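Here is the structure we will look at.
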Amino acid sequence: MRRRPGIGGLQTHAAARDQFRLLGENVAKIRTDLMKEQLATFRSQLEDFARKHKNDIRKNPAFRSQFHEMCAKVGVDPLASNKGFWAELLGIGDFYYELGVQIVDICLATRAHNGGLINLQELCHLLRQRRKSDRGVVSEDDCLRAISKLKVLGSGFEVISVGKKKLVRSVPTELNKDHNEILELAQAQGFVTVEEVERRLSWSSGRAIDALDTLLDEGLAMIDDGHRDGKRRYWFPCVSPISSLIDIIDS
Amino acid sequence: MAENCLPSVTLTGSGRPVLEPNEIECFFLSGVDLLCEDDPHTCFPHLKSGLLILTTHRLLWLPDSSAAGPASSSAAIPLAAISHIFSQKKSLRSVFASPRVRFQVSLSPEGRVAASGSRSVVATAVVRGKGDCDAFLTKFWENWRARASEEAESGSSSGSSASAVTATAAASSSGIYSSDGTVRMVGVSGILRKEQEMWESTDRSLQDAFQDLNALMSKAKEMVVLAEKMRLKLLSGSNSQTNATNDEEMGSKEEMQDWLLSVGIISPVTKESAGALYHQQLSRQLADFVKVPLERAGGIINLIDIYCLFNRARGTELISPDDLLQACSLWEKFEVPVVLRKFDSGVMVIQTKSHSDEEVLAKIKMLVMKPDALRAGVSAGDAARTLGVAPTMAKEHLLSAESKGLLCRDISPDGFRFYINLFPEIDRDDMYLVKDQGIYASWVQANHSRA
């Protein structure tokens, strides 16, 4: 563009730039919208195919790997069996296995912020979100059934009740690092309360209670209900031995 | 004797072949001899009773796992080097003899297998084990054909279907903006029209591809490219245009990134391909697979986590919990660096062998030999902190150390405390003798220094 001198020239130049930018933005917006639309078609088609032609896809290994790649790239879960009659009645077929894999997947994904303890309701909600194209709605009962299928692989995955809530624990006691954090916390005073754990570590109440209960079962903690404020204290003699406390009292 | 004319196969730690990119195993046959009958002077080795694997790219022969020979005895024949597959002769003799599959392999003048060799030899695979030889032959034909057509396609560099997409990809990448971010001054309407055409063609190819399964199969490659393109655009698009990011989009973006992490196994072992060898091969594949997640988890991981990750990596080829368990239990028989461990509580985990007892015992010994620990012992909590594991785990380790005679327990109001075991050090004839060196001496010293 030839640049004319003077203020008028500058102004036309700026106006032209604005026009072009506006056009560019418009096109870009249309482009993203179109792309989203096409992506949605792509996804729903893939989901349909995954459901309808599962066996055919599995028969052809070369195509299977391409199909997986497609699914992975546009974000489609290739596990999409319907519940079906037999699954409902006898619990056979891939449906509950698939559900199991998806449930563990959600637990793994949320573990970083819930410590491997998730409310069953929340789990169900996330599961439904993931299987949004699914016609049959996944119930809590389905979740429980899918979890029970995992029992073969040891007791590292269980449903526990804290109060009225049902929680799913995906981290077994043997691998639970939450306990270390509580022990760390208890080192200061020799004891902790549920409220203190929740506040200091910003955990949900179920998580704290579950961890403390486990420590109690393991014989690492002792409870003391006799304090004036009425709050239950969990003492940890293993981190601050009673003998050392006696020393303090003596001196 | 001349040099071996077949290239060898690289094996993974658990004895599975390392595959080329996009190579997929299709059929396994056990107890197969591979030899060259008609010409004893060639350098074709005589391979006896091994595992024959048919992949989309090659024919692999691995020595039998029980007789673990050197890895160099494995062999691979690229399907491209096979010039002919003979159909099976049906005769009375063939009913009694082991089934044979004969095929022609071309050799280069130097005597190596090559796609366009000057001479050829007839190789024979004798199937001594149980296995569906006919099914193998069918599959062999199929793959050989597919491979040949694929080679031809890649040879003529402009494959018709793939180029259409790459062309549009190139057009879109130049886009409306030039590289310095300013709007291009040439032919705005032209660009817009091009854009429009591109979208229409994408729409059309989507429609074509998803007509039925066969259409999708034939267009699979194109669709994979398209999927990749969409993914990249969506990821980059919402980064630059922050105004357009609503919650849903963010959600789908995260989802996509999650998914990309989760695919991994391109050639999953299946019941269909491996037949009777299913669990054995699955076990090996699993052993290779767990390495990465195990490392990330610090050397020990819940079996159920692996169940999920492994299945995710396999895509639609779901395995049941029972199959997984069986695959893990087969590890005892192979040389693999991982073990399945069951706790008394019923929890099952996978851990690396190096993570196992000796190393932990050594760490515990270091811990209890510290002056403080000599005096006051250690608790499960102390051990947990030192070993970097959960207290329950630490207690388990301490108890196992006790059962090995390394520690002694003291049950007090503080709970369990563990001390170093001094009893082996004490001389039965002279109980009060303190040797100059040894654990007893350092124990006495530690207690004296306090008093």
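Letters for chains follow the order of the structure tokens (A, B, ...), residue numbers begin at 1 for each chain, and ligand numbers begin at 1 in the order shown.
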
Query raised in the report: Contacts of stretch 182-191 of chain A at 7 Å or less, counting only C-alpha atoms, minus same-chain residues fewer than 5 places along, as a ChimeraX atom specification?
Result: /A:233-236,239-240 /B:381

Report task. Pull out every residue of chain B that has at least one atom within 7 Å of chain A, counting only C-alpha atoms, and report them as a PyMOL selection string. Result -> chain B and resi 24+26+176+183+210+217+220+224+227-228+231+255-256+259-260+263+266+302-305+308+315-316+320-322+325+346-348+379+381+389-393+414-415

Query raised in the report: Tell me, which residues of stretch 325-442 of chain B carry DSSP strand (DSSP E), written as number ranges by chain?
Result: B: 338-342, 348-352, 407-412, 415-420

Requested in this report: Please report, as a PyMOL selection string, each residue of stretch 147-224 of chain A to which DSSP assigns alpha helix (DSSP H) when run on this structure's backbone.
Outcome: chain A and resi 147-149+178-186+194-201+205-217

Query raised in the report: Suppose you want the space between atom CA of A:Val137 and atom CA of A:Leu117; what is it in Å?
Result: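 We find that atom CA of A:Val137 and atom CA of A:Leu117 lie 23.4 Å from each other.
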
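The interatomic distance for the pair atom CA of B:Gly405 and atom CA of B:Lys342 works out to 22.1 Å.
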